[in-house]
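Participant: Questions regarding the structure given below will be posed in turn.
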Amino acid sequence: MKTLVIFGLLLFSAQYSAFAKSFVYCSEGSPSSFNPQLVTDGTSTNATSATLYNGLVEFESGTTKIIPALATSWEISKDKKTYTFKLRKGVKFHTTKYFTPSREFNSSDVLFSIDRQRITTHPFHSVSGGKYEYFEGMEMGKIIKDVKALDSSTVQITLNTPEAPFLANMAMSFMGILSEEYGAQLSAANKKSDIDNFPIGTGAFVFQSYAKDSAIKYSSHPNFWGKHGNIDKLIFAITPDANVRHQKLKTGECQFVNEPSPADIPEMKKNNQLIVMQDAGLNVGYLSMNVTKKPFDNVLVRQAINHALNKKSYIDAIYLGNATIAKNPLPPTIWSYNDSIKDYEYSPEKARALLAKAGFPNGFETEIWTLPVSRPYNPNGKKMGELMQADLAKVGIKVKLVTFDWPTYLKKAGLGDQQMLQMGWTGDNGDPDNFLNTLLGCGAVASGSNYAKWCDKKFNQLVTDAKSTPDMKKRTMLYKEAQKVFKEQAPWVTLAHSTVFKAMAKNIKGYKVDPLGHDNFTLVNVE
Amino acid sequence: MKIFFSELYFELKKNRGAMTGVIIIILSLVIAIFAPLLAPHNPTEIFSDSLRLPPVFVSGGKPGFFFGTDDIGRDLLSRLIYGSRISLSVGFSVVVLSLITGTFLGVMAGFYGGLLDRIIMRLTDLIMSLPSILFAIVIVAVLGPGITNSIVAVSIVAVPNFIRIIRAQVMVEKNRQYVFAAKLFGAGNFRLMFVEILPNCIAPLIVQASLGFSDGILNVAALGFLGLGAQAPMSEWGTMLSDARSYIESSPWMVTLPGICILVTVLSFNLLGDGLRDALDPRLKKQN
């Protein structure tokens with residue numbers, strides 16, 4: 001009898017949940033943490049800041065325009081060093097099984113979130129390892145002088161020097177606001193690390209449960225402060241294989257797939273039950289040459305390799321035509337893109353001549369590291385490596401292809417073990433600084449993200465000057481000049497700016513492709 | 001010895017499956033040896049204007065690319081032909097390597113017994129307690145990916161089979177009269193082991209070797225599939241298979257053809273191995 005009752009209840013609840021608007025998102029991997037301060041990859045960002053958290057400011061859906069979020073307005077002082085944010089009133093944090101908020105969002109939450117990353121003696125700083133890759137990589141610790149709460153709804157941030165991209169930095173995922181009250185509750189219970197595994201935020205969705213490599217479940221936040229769609233239940237079905245994701249979308253097991261394989265796109269476009277959206281991605285795929293290793297310390301060799309690679313053939317074979325050839329280290333959709341720069345054209349003869357001039361008439365032997373995972377900026381690193389191998393063989397350079405698993409690859413590349421390395425970048429705040437300084441500045445040599453280990457005084461001066469100049473026109477000029485220096489010195493072979501695809505079921509409305517590469521379902525409606 | 005082989009051939013001829021296996025093996029050997037003459041193109045040459053072409057007999061195919069081209073524009077037929085070279089030589093090296101080490105260790109263990117036997121047998125138990133492909137992955141991960149290293153890894157995994165078979169056989173044979181006779185004539189241990197006893201253990205070895213051939217091909221293809229075997233631009237069937245996986249919907253021939261090649265080769269070696277066992281095992285003979 002008892003089992004019958006339970007069975008009946010189960011049936012009832014199953015039926016009940018069928019009426020709720022649920023939305024299944026086939027994502028490509030497990031998040032590394034549920035705290036946006038600790039993550040840098042798109043997979044984790046989708047599972048954290050895009051669903052659970054809000055920042056003081058945010059990027060408008062589908063653009064890189066900065067709009068108010070938890071701050072309703074802000075003032076910037078004349079010397080561009082003081083930012084005063086007015087906070088939104090009536091914002092409620094999530095209520096879950098493990099936490100019930102007793103108060104609304106206020107300035108202490110902002111202080112708690114920023115200070116955890118900024119101040120090494122903060123009680124939460126060393127929880128979960130104490131490494132804040134984004135915060136440190138963007139040098140936020142050096143930029144921010146102090147964060148003060150003027151009253152419960154006003155926060156003032158002072159900077160050491162004027163920083164033009166500061167507001168854009170504030171809109172990035174790692175600046176999501178966590179609950180200070182929840183932090184205090186966890187401290188009292190001596191379970192501090194729960195803050196990164198059982199998240200509480202202000203976002204449109206509330207965390208329900210997570211099973212690694214299987215699924216993440218969210219429900220809608222009933223007291224969400226902003227505009228939102230009609231999704232009641234949001235489920236991330238973690239499906240690493242792109243083919244399987246495609247099959248699941250076809251059978252209706254999920255309504256949305258992340259990173260469809262380029263080979264499946266024509267098939268998806270033919271299917272009238274699906275919508276395929278595309279957008280010029282804010283990304284660049286490149287091949288970096290480690291200038292601290294011989295023979296790549298010679299600029300002639302680097303230029304020769306630029307001439308030797310047939311980029312057009314990579315666009316056809318690897319991206320299946322869904323990309324444009326890159327000539328600059330930043331995509332054309334970002335302001336200050338220098339269109340007057342002439343690319344190194346494909347010419348094995350010129351490459352051989354340059355090599356001979358550099359003292360390698362018979363070429364040399366070297367290694368290319370190929371990407372072990374499919375990324376938006378390079379869907380198949382191994383195959384591209386084989387094409388590069390064939391191209392370089394034509395000018396006498398013998399290449400060995402090497403690869404590692406993804407975390408090892410990143411770690412070793414950061415240390416500078418490589419000679420040539422396939423890499424790429426999807427911009428995350430729409431500012432040229434996010435490409436030119438983050439990937440090529442001298443500061444990035446030590447922090448790791450400058451994989452060419454290229455520290456050019458002239459280039460670095462230009463980008464640092466541009467960073468501290470508030471005048472847009474002057475910044476544009478400096479960045480354009482920097483791109484010229486980059487092209488002459490050729491620490492990379494810029495390969496492609498790829499088109500980003502999103503595929504979803506026909507009844508999904510209101511989704512906009514995010515140029516920053518994240519999937520945000522706050523405004524999505526299921527019909 | 002001559003009589004042994006002619007009798008073997010006589011028994012084998014009666015077995016149709018085994019003969020099919022032999023014919024296919026000979027055929028693939030010929031293809032592998034004359035690959036440069038048979039292949040229409042260089043297997044690493046890239047035709048950047050002919051990406052993912054279907055086979056010639058399907059609409060959209062181009063003459064000159066009989067089985068079509070792969071995702072970066074290399075002729076599939078040529079790659080398959082050159083792939084047979086790799087697969088067969090890999091199978092051969094694996095068998096030779098594991099046969100020699102396995103035989104040597106097995107004879108020692110069986111002949112001397114005692115502590116040496118125990119050490120060798122516990123080692124084989126250790127290796128056999130791990131799933132073979134998993135163990136091979138571990139070895140390749142330590143040695144580094146590459147075709148030579150994957151051959152070494154697969155050989156190590158195959159050695160215990162040989163050791164056990166030989167040891168059992170040697171333990172039976174070493175108490176036979178002819179061994180005592182040889183001992184009385186003053187033969188040393190080395191001569192007893194490798195000249196007197198070993199030739200009488202050859203039958204099960206031949207069976208195991210032919211089956212080991214197919215295991216070797218399959219395991220190296222599996223390592224290639226996982227990206228640990230042959231390195232680019234070498235054309236190896238397992239690697240080709242894994243590379244073509246993402247095109248299974250749009251260009252199914254790219255993944256089907258190398259798969260069929262692996263299947264046919266492995267199957268023919270298995271057929272031959274089964275036939276040999278039937279022909280050589282006296283117990284099975286009586287039943288017929």
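Just remember, in the structure tokens the first chain shown is A, the second B, etc., residues are 1-based per chain, and ligands are 1-based in the order shown.
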Residues of chain B no more than 7 Å from chain A, counting only C-alpha atoms: send them over as an MDAnalysis selection string.
Facilitator: chainID B and resid 48 51 71:72 232:233 246:247 250
Participant: What lies within 9 Å of region 195-202 of chain B using only C-alpha atoms, ignoring chain neighbours under 5 positions off, as a list of chain:residue names?
Facilitator: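 Counting only C-alpha atoms, the residues come to B:Met1, B:Thr103, B:Val107, B:Ile165, B:Ile166, B:Gln169, B:Val170, B:Glu173, B:Lys174, B:Tyr178, B:Val179, B:Ala182, B:Phe190, B:Val207.
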Participant: I'd like the contact shell of region 59-73 of chain A - 8 Å cut-off, only C-alpha atoms, skipping same-chain residues fewer than 3 positions apart - returned as a list in words.
Facilitator: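 Those residues are Asn54, Gly55, Leu56, Phe85, Lys86, Leu87, Arg88, Val91, Leu167, Ala168, Ala171, Asn429, Gly430, Lys512, Val513, Asp514, Pro515, Leu516 and Asn520 of chain A.
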Participant: Hey, can you check how far CA of Asp41 (chain A) sits from CA of Gly414 (chain A)?
Facilitator: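 Separation of CA of Asp41 (chain A) and CA of Gly414 (chain A): 15.7 Å.
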